[in-house]
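Below is the file work.csv, which contains CSV, N, CA and C atoms.
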```
chain,number,residue,atom,x,y,z
R,6,MET,N,269.1,-29.4,98.7
R,6,MET,CA,269.6,-28.3,99.5
R,6,MET,C,270.0,-27.2,98.6
R,7,GLY,N,270.1,-26.0,99.2
R,7,GLY,CA,270.5,-24.8,98.5
R,7,GLY,C,272.0,-24.7,98.4
R,8,VAL,N,272.7,-25.8,98.8
R,8,VAL,CA,274.1,-25.8,98.7
R,8,VAL,C,274.5,-26.5,97.5
R,9,HIS,N,275.4,-25.9,96.7
R,9,HIS,CA,275.8,-26.5,95.4
R,9,HIS,C,277.3,-26.5,95.3
R,10,ASN,N,277.9,-27.6,95.1
R,10,ASN,CA,279.4,-27.7,95.1
R,10,ASN,C,280.0,-27.1,96.3
R,11,GLY,N,279.5,-27.4,97.5
R,11,GLY,CA,280.0,-26.9,98.7
R,11,GLY,C,279.8,-25.5,99.1
R,12,ARG,N,279.0,-24.7,98.3
R,12,ARG,CA,278.8,-23.3,98.6
R,12,ARG,C,277.3,-23.1,98.6
R,13,VAL,N,276.8,-22.1,99.3
R,13,VAL,CA,275.4,-21.7,99.4
R,13,VAL,C,275.1,-21.0,98.1
R,14,GLU,N,274.0,-21.3,97.4
R,14,GLU,CA,273.6,-20.6,96.2
R,14,GLU,C,273.1,-19.2,96.6
R,15,PRO,N,273.5,-18.2,95.9
R,15,PRO,CA,273.1,-16.8,96.2
R,15,PRO,C,271.6,-16.6,96.4
R,16,ILE,N,270.8,-17.1,95.5
R,16,ILE,CA,269.4,-16.8,95.5
R,16,ILE,C,268.8,-17.4,96.8
R,17,TYR,N,269.2,-18.6,97.2
R,17,TYR,CA,268.7,-19.2,98.4
R,17,TYR,C,269.1,-18.4,99.7
R,18,LEU,N,270.3,-17.9,99.6
R,18,LEU,CA,270.8,-17.1,100.7
R,18,LEU,C,270.0,-15.8,100.9
R,19,GLU,N,269.8,-15.1,99.7
R,19,GLU,CA,269.1,-13.9,99.8
R,19,GLU,C,267.6,-14.1,100.2
R,20,VAL,N,267.0,-15.1,99.7
R,20,VAL,CA,265.6,-15.4,100.1
R,20,VAL,C,265.5,-15.7,101.6
R,21,GLY,N,266.5,-16.5,102.0
R,21,GLY,CA,266.6,-16.9,103.5
R,21,GLY,C,266.7,-15.6,104.3
R,22,GLN,N,267.6,-14.7,103.9
R,22,GLN,CA,267.7,-13.5,104.7
R,22,GLN,C,266.5,-12.6,104.7
R,23,ARG,N,265.8,-12.6,103.6
R,23,ARG,CA,264.5,-11.8,103.5
R,23,ARG,C,263.5,-12.5,104.3
R,24,LEU,N,263.4,-13.8,104.3
R,24,LEU,CA,262.5,-14.5,105.1
R,24,LEU,C,262.7,-14.2,106.6
R,25,ARG,N,264.0,-14.3,107.0
R,25,ARG,CA,264.3,-14.0,108.4
R,25,ARG,C,263.9,-12.6,108.9
R,26,ARG,N,264.2,-11.6,108.0
R,26,ARG,CA,263.7,-10.3,108.4
R,26,ARG,C,262.2,-10.2,108.5
R,27,ALA,N,261.5,-10.8,107.6
R,27,ALA,CA,260.0,-10.8,107.6
R,27,ALA,C,259.5,-11.6,108.8
R,28,ARG,N,260.1,-12.7,109.2
R,28,ARG,CA,259.7,-13.4,110.4
R,28,ARG,C,259.9,-12.6,111.6
R,29,LEU,N,261.0,-12.0,111.7
R,29,LEU,CA,261.3,-11.1,112.9
R,29,LEU,C,260.4,-9.9,113.0
R,30,ALA,N,260.1,-9.3,111.8
R,30,ALA,CA,259.1,-8.2,111.8
R,30,ALA,C,257.7,-8.6,112.2
R,31,ALA,N,257.4,-9.9,111.9
R,31,ALA,CA,256.1,-10.4,112.3
R,31,ALA,C,256.1,-10.9,113.7
R,32,GLY,N,257.2,-10.8,114.4
R,32,GLY,CA,257.3,-11.2,115.8
R,32,GLY,C,257.2,-12.7,116.0
R,33,LEU,N,257.6,-13.5,115.0
R,33,LEU,CA,257.5,-15.0,115.1
R,33,LEU,C,258.8,-15.6,115.4
R,34,THR,N,258.8,-16.7,116.1
R,34,THR,CA,259.9,-17.6,116.3
R,34,THR,C,260.0,-18.5,115.1
R,35,GLN,N,261.2,-19.2,115.0
R,35,GLN,CA,261.3,-20.2,113.9
R,35,GLN,C,260.3,-21.3,114.1
R,36,ALA,N,260.0,-21.7,115.3
R,36,ALA,CA,259.1,-22.8,115.6
R,36,ALA,C,257.6,-22.4,115.2
R,37,GLN,N,257.3,-21.1,115.5
R,37,GLN,CA,256.0,-20.6,115.1
R,37,GLN,C,255.8,-20.6,113.6
R,38,LEU,N,256.8,-20.1,112.9
R,38,LEU,CA,256.8,-20.1,111.4
R,38,LEU,C,256.7,-21.5,110.9
R,39,ALA,N,257.5,-22.4,111.5
R,39,ALA,CA,257.5,-23.8,111.0
R,39,ALA,C,256.1,-24.4,111.1
R,40,ASP,N,255.4,-24.1,112.2
R,40,ASP,CA,254.0,-24.6,112.4
R,40,ASP,C,253.1,-24.0,111.2
R,41,ARG,N,253.2,-22.7,111.0
R,41,ARG,CA,252.4,-22.1,110.0
R,41,ARG,C,252.7,-22.6,108.6
R,42,ALA,N,253.9,-22.9,108.3
R,42,ALA,CA,254.3,-23.3,107.0
R,42,ALA,C,254.4,-24.8,106.8
R,43,GLU,N,254.0,-25.5,107.8
R,43,GLU,CA,254.0,-27.0,107.8
R,43,GLU,C,255.4,-27.6,107.5
R,44,LEU,N,256.4,-27.0,108.2
R,44,LEU,CA,257.7,-27.5,108.0
R,44,LEU,C,258.3,-27.7,109.4
R,45,SER,N,259.5,-28.2,109.5
R,45,SER,CA,260.2,-28.4,110.8
R,45,SER,C,260.9,-27.1,111.1
R,46,ARG,N,261.2,-26.9,112.4
R,46,ARG,CA,262.0,-25.7,112.8
R,46,ARG,C,263.4,-25.8,112.2
R,47,THR,N,263.9,-27.0,112.1
R,47,THR,CA,265.2,-27.2,111.5
R,47,THR,C,265.2,-26.7,110.0
R,48,SER,N,264.1,-27.0,109.3
R,48,SER,CA,264.0,-26.6,107.9
R,48,SER,C,264.0,-25.0,107.9
R,49,ILE,N,263.3,-24.4,108.8
R,49,ILE,CA,263.2,-22.9,108.8
R,49,ILE,C,264.7,-22.4,109.0
R,50,THR,N,265.4,-23.0,109.9
R,50,THR,CA,266.8,-22.6,110.2
R,50,THR,C,267.6,-22.7,108.9
R,51,ASN,N,267.5,-23.8,108.3
R,51,ASN,CA,268.3,-24.1,107.1
R,51,ASN,C,267.9,-23.2,105.9
R,52,ILE,N,266.6,-22.9,105.8
R,52,ILE,CA,266.1,-22.0,104.7
R,52,ILE,C,266.7,-20.6,105.0
R,53,GLU,N,266.6,-20.1,106.2
R,53,GLU,CA,267.1,-18.8,106.5
R,53,GLU,C,268.6,-18.7,106.3
R,54,LEU,N,269.3,-19.8,106.4
R,54,LEU,CA,270.7,-19.7,106.2
R,54,LEU,C,271.1,-20.0,104.7
R,55,GLY,N,270.1,-20.3,103.9
R,55,GLY,CA,270.3,-20.5,102.5
R,55,GLY,C,270.8,-21.9,102.2
R,56,ARG,N,270.7,-22.8,103.1
R,56,ARG,CA,271.2,-24.2,103.0
R,56,ARG,C,270.2,-25.2,102.5
R,57,GLN,N,268.9,-24.8,102.4
R,57,GLN,CA,267.9,-25.7,102.0
R,57,GLN,C,267.0,-25.2,100.9
R,58,ARG,N,266.9,-26.0,99.8
R,58,ARG,CA,266.0,-25.6,98.7
R,58,ARG,C,264.6,-25.8,99.1
R,59,PHE,N,263.6,-25.2,98.4
R,59,PHE,CA,262.2,-25.4,98.7
R,59,PHE,C,261.5,-25.1,97.4
R,60,THR,N,260.2,-25.6,97.4
R,60,THR,CA,259.4,-25.5,96.2
R,60,THR,C,258.7,-24.2,96.1
R,61,LEU,N,258.1,-23.8,95.0
R,61,LEU,CA,257.3,-22.6,94.9
R,61,LEU,C,256.1,-22.7,95.9
R,62,ASP,N,255.6,-23.9,96.0
R,62,ASP,CA,254.5,-24.0,97.0
R,62,ASP,C,255.0,-23.7,98.4
R,63,GLY,N,256.3,-24.1,98.7
R,63,GLY,CA,256.9,-23.8,100.0
R,63,GLY,C,257.1,-22.3,100.1
R,64,LEU,N,257.5,-21.7,99.1
R,64,LEU,CA,257.7,-20.2,99.1
R,64,LEU,C,256.3,-19.5,99.5
R,65,VAL,N,255.3,-20.0,98.9
R,65,VAL,CA,253.9,-19.4,99.1
R,65,VAL,C,253.6,-19.7,100.6
R,66,ARG,N,253.8,-20.9,101.1
R,66,ARG,CA,253.5,-21.2,102.5
R,66,ARG,C,254.3,-20.3,103.5
R,67,LEU,N,255.6,-20.2,103.2
R,67,LEU,CA,256.5,-19.4,104.0
R,67,LEU,C,256.0,-17.9,104.0
R,68,ALA,N,255.7,-17.4,102.8
R,68,ALA,CA,255.2,-16.0,102.8
R,68,ALA,C,253.9,-15.8,103.5
R,69,ALA,N,253.0,-16.7,103.4
R,69,ALA,CA,251.7,-16.6,104.1
R,69,ALA,C,252.0,-16.7,105.6
R,70,GLY,N,253.0,-17.5,106.0
R,70,GLY,CA,253.3,-17.7,107.4
R,70,GLY,C,253.8,-16.4,108.1
R,71,VAL,N,254.5,-15.6,107.3
R,71,VAL,CA,255.0,-14.3,107.8
R,71,VAL,C,254.1,-13.1,107.4
R,72,GLY,N,253.1,-13.4,106.6
R,72,GLY,CA,252.1,-12.4,106.3
R,72,GLY,C,252.6,-11.4,105.2
R,73,VAL,N,253.4,-11.9,104.2
R,73,VAL,CA,253.8,-11.1,103.1
R,73,VAL,C,253.5,-11.8,101.8
R,74,ASP,N,253.5,-11.0,100.7
R,74,ASP,CA,253.4,-11.5,99.4
R,74,ASP,C,254.6,-12.4,99.0
R,75,PRO,N,254.5,-13.5,98.3
R,75,PRO,CA,255.7,-14.3,98.0
R,75,PRO,C,256.8,-13.5,97.3
R,76,ALA,N,256.4,-12.6,96.4
R,76,ALA,CA,257.3,-11.8,95.7
R,76,ALA,C,258.3,-11.0,96.6
R,77,GLN,N,257.8,-10.6,97.8
R,77,GLN,CA,258.6,-9.9,98.8
R,77,GLN,C,259.8,-10.7,99.3
R,78,LEU,N,259.7,-12.0,99.2
R,78,LEU,CA,260.8,-12.8,99.6
R,78,LEU,C,261.9,-13.1,98.6
R,79,LEU,N,261.5,-12.7,97.3
R,79,LEU,CA,262.4,-12.9,96.2
R,79,LEU,C,263.4,-11.7,96.0
R,80,PRO,N,264.5,-11.9,95.4
R,80,PRO,CA,265.4,-10.8,95.1
R,80,PRO,C,264.8,-9.6,94.4
R,81,PRO,N,265.2,-8.4,94.7
R,81,PRO,CA,264.6,-7.2,94.1
R,81,PRO,C,264.9,-7.2,92.6
R,82,GLY,N,264.0,-6.5,91.9
R,82,GLY,CA,264.2,-6.3,90.5
R,82,GLY,C,264.6,-4.8,90.3
R,83,ASP,N,265.4,-4.5,89.3
R,83,ASP,CA,265.8,-3.1,89.0
R,83,ASP,C,266.3,-3.1,87.6
R,84,GLY,N,266.9,-2.0,87.2
R,84,GLY,CA,267.3,-1.9,85.8
R,84,GLY,C,268.3,-2.9,85.3
R,85,THR,N,268.9,-3.5,86.3
R,85,THR,CA,269.9,-4.5,85.9
R,85,THR,C,269.4,-5.9,86.3
R,86,ARG,N,268.1,-6.1,86.4
R,86,ARG,CA,267.5,-7.3,86.8
R,86,ARG,C,268.0,-8.5,86.0
R,87,GLY,N,268.0,-8.4,84.7
R,87,GLY,CA,268.5,-9.6,83.9
R,87,GLY,C,269.8,-10.1,84.3
R,88,ARG,N,270.8,-9.1,84.4
R,88,ARG,CA,272.2,-9.5,84.7
R,88,ARG,C,272.3,-9.9,86.1
R,89,THR,N,271.6,-9.2,87.1
R,89,THR,CA,271.7,-9.5,88.5
R,89,THR,C,271.0,-10.9,88.7
R,90,LEU,N,269.8,-11.0,88.2
R,90,LEU,CA,269.1,-12.3,88.4
R,90,LEU,C,269.8,-13.5,87.8
R,91,SER,N,270.4,-13.3,86.6
R,91,SER,CA,271.2,-14.4,86.0
R,91,SER,C,272.3,-14.8,86.9
R,92,ARG,N,273.0,-13.9,87.5
R,92,ARG,CA,274.1,-14.2,88.4
R,92,ARG,C,273.6,-14.9,89.7
R,93,LYS,N,272.4,-14.4,90.2
R,93,LYS,CA,271.9,-15.0,91.4
R,93,LYS,C,271.3,-16.4,91.2
R,94,LEU,N,270.8,-16.7,90.0
R,94,LEU,CA,270.2,-17.9,89.7
R,94,LEU,C,271.2,-19.0,89.2
R,95,ARG,N,272.4,-18.5,89.0
R,95,ARG,CA,273.5,-19.5,88.5
R,95,ARG,C,273.6,-20.7,89.4
R,96,GLY,N,273.6,-21.8,88.9
R,96,GLY,CA,273.7,-23.0,89.7
R,96,GLY,C,272.4,-23.7,90.0
R,97,LEU,N,271.3,-23.0,89.8
R,97,LEU,CA,270.0,-23.6,89.9
R,97,LEU,C,269.7,-24.4,88.6
R,98,ASP,N,268.9,-25.5,88.8
R,98,ASP,CA,268.5,-26.2,87.6
R,98,ASP,C,267.6,-25.3,86.8
R,99,PRO,N,267.5,-25.6,85.5
R,99,PRO,CA,266.7,-24.7,84.6
R,99,PRO,C,265.2,-24.6,85.0
R,100,GLU,N,264.7,-25.7,85.5
R,100,GLU,CA,263.3,-25.6,86.0
R,100,GLU,C,263.1,-24.6,87.1
R,101,ASP,N,264.0,-24.6,88.1
R,101,ASP,CA,263.9,-23.7,89.2
R,101,ASP,C,264.1,-22.3,88.7
R,102,GLN,N,265.1,-22.1,87.8
R,102,GLN,CA,265.3,-20.7,87.3
R,102,GLN,C,264.0,-20.2,86.6
R,103,ALA,N,263.4,-21.0,85.8
R,103,ALA,CA,262.2,-20.6,85.1
R,103,ALA,C,261.1,-20.3,86.0
R,104,ALA,N,260.9,-21.1,87.1
R,104,ALA,CA,259.9,-20.8,88.1
R,104,ALA,C,260.1,-19.5,88.8
R,105,VAL,N,261.3,-19.2,89.2
R,105,VAL,CA,261.6,-18.0,89.9
R,105,VAL,C,261.4,-16.8,89.0
R,106,GLU,N,261.8,-16.9,87.7
R,106,GLU,CA,261.6,-15.8,86.8
R,106,GLU,C,260.2,-15.6,86.5
R,107,LYS,N,259.4,-16.6,86.5
R,107,LYS,CA,257.9,-16.5,86.2
R,107,LYS,C,257.3,-15.7,87.4
R,108,VAL,N,257.6,-16.1,88.6
R,108,VAL,CA,257.0,-15.4,89.8
R,108,VAL,C,257.4,-13.9,89.8
R,109,LEU,N,258.7,-13.6,89.4
R,109,LEU,CA,259.1,-12.2,89.4
R,109,LEU,C,258.4,-11.4,88.3
R,110,LEU,N,258.3,-12.0,87.1
R,110,LEU,CA,257.6,-11.4,86.0
R,110,LEU,C,256.1,-11.1,86.4
R,111,GLN,N,255.5,-12.1,87.0
R,111,GLN,CA,254.1,-11.9,87.5
R,111,GLN,C,254.0,-10.7,88.5
R,112,ALA,N,254.9,-10.7,89.4
R,112,ALA,CA,254.9,-9.6,90.4
R,112,ALA,C,255.1,-8.2,89.7
R,113,GLU,N,256.0,-8.2,88.7
R,113,GLU,CA,256.2,-6.9,88.0
R,113,GLU,C,254.9,-6.5,87.3
R,114,ALA,N,254.3,-7.5,86.6
R,114,ALA,CA,253.1,-7.2,85.8
R,114,ALA,C,251.9,-6.7,86.6
R,115,THR,N,251.8,-7.2,87.8
R,115,THR,CA,250.7,-6.8,88.7
R,115,THR,C,251.1,-5.5,89.5
R,116,GLY,N,252.3,-5.0,89.3
R,116,GLY,CA,252.7,-3.8,90.0
R,116,GLY,C,253.1,-4.1,91.5
R,117,ARG,N,253.3,-5.4,91.8
R,117,ARG,CA,253.6,-5.7,93.2
R,117,ARG,C,255.1,-6.2,93.3
R,118,GLY,N,255.9,-5.8,92.3
R,118,GLY,CA,257.3,-6.2,92.3
R,118,GLY,C,258.0,-5.5,93.4
R,119,VAL,N,259.1,-6.1,93.8
R,119,VAL,CA,259.9,-5.6,94.9
R,119,VAL,C,260.9,-4.6,94.3
R,120,LYS,N,261.0,-3.5,94.9
R,120,LYS,CA,261.9,-2.4,94.4
R,120,LYS,C,263.1,-2.3,95.2
R,121,GLY,N,263.5,-3.3,95.9
R,121,GLY,CA,264.8,-3.3,96.7
R,121,GLY,C,264.5,-3.0,98.1
R,122,GLY,N,263.3,-2.8,98.5
R,122,GLY,CA,263.0,-2.6,99.9
R,122,GLY,C,262.9,-3.9,100.7
R,123,ARG,N,262.9,-3.7,102.0
R,123,ARG,CA,262.9,-4.9,102.8
R,123,ARG,C,261.4,-5.4,102.9
R,124,PRO,N,261.2,-6.7,103.1
R,124,PRO,CA,259.8,-7.1,103.3
R,124,PRO,C,259.2,-6.6,104.6
```
Show me the file's structure as structure tokens.
Amino acid sequence: MGVHNGRVEPIYLEVGQRLRRARLAAGLTQAQLADRAELSRTSITNIELGRQRFTLDGLVRLAAGVGVDPAQLLPPGDGTRGRTLSRKLRGLDPEDQAAVEKVLLQAEATGRGVKGGRP
């Protein structure tokens, strides 16, 4: 789960909020997104609330389900990215941290990084 020591981890909460905005913008219900992402509706609810962890493959399926690039569901990068990202990733295991950082760096390298806008 995205809950660690009784609290929701900030990165999962932010990704969940961005997913919800993207889902609503796409005009989808949680059940419709669940179908597209091959998850349960309950999982979509928990992901949107930041209570459920998911894999990078899951991130890709969720993004495809709402019609956005996976990087658009990740926290924005800016001049304070290292400090901000470090704070948001606190509590994740090192493998998850490295995976998220890799996706963000790839998005920046291809010019598709998120600049703080909504998905």
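Summary of the local environment: counting only C-alpha atoms, residues at most 8 Å from Arg41 (chain R), other than itself and those fewer than 6 positions away along its chain, are Arg66, Leu67 and Gly70 of chain R.
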Handout entry: Residues within 8 Å of Leu33 (chain R), only C-alpha atoms, excluding chain neighbours under 5 positions, as a VMD selection string
Key = chain R and resid 28 38 71
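Ranking R:Gln35, R:Val108, R:Tyr17, R:Glu100 by their shortest atom-to-atom distance to Gln57 (chain R), with all atoms listed in the file included, puts R:Tyr17 first.
Atom C of Gly55 (chain R) lies 6.0 Å from atom C of Val13 (chain R).
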Exercise for the section: Find, counting only N, CA and C atoms, the residue in R:Glu53, R:Asp40, R:Asp101, R:Asp74 that gets nearest to Arg23 (chain R). Expected result: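 Of R:Glu53, R:Asp40, R:Asp101, R:Asp74, the one nearest Arg23 (chain R) is R:Glu53, counting only N, CA and C atoms.
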Handout entry: Point-to-point distance in Å for CA of Leu79 (chain R) and CA of Glu106 (chain R)
Key =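 Computing it gives 9.9 Å between the two atoms.
When CA of Leu78 (chain R) is paired with atom N of Ala103 (chain R), their separation reads 16.3 Å.
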Exercise for the section: Among the residues of region 12-105 of chain R, find those DSSP assigns to alpha helix (DSSP H) from the backbone and print them as JSON, numbers by chain. Expected result: {"R": [15, 16, 17, 18, 19, 20, 21, 22, 23, 24, 25, 26, 27, 28, 29, 30, 35, 36, 37, 38, 39, 40, 41, 42, 46, 47, 48, 49, 50, 51, 52, 53, 61, 62, 63, 64, 65, 66, 67, 68, 69, 70, 71, 86, 87, 88, 89, 90, 91, 92, 93, 94, 99, 100, 101, 102, 103, 104, 105]}
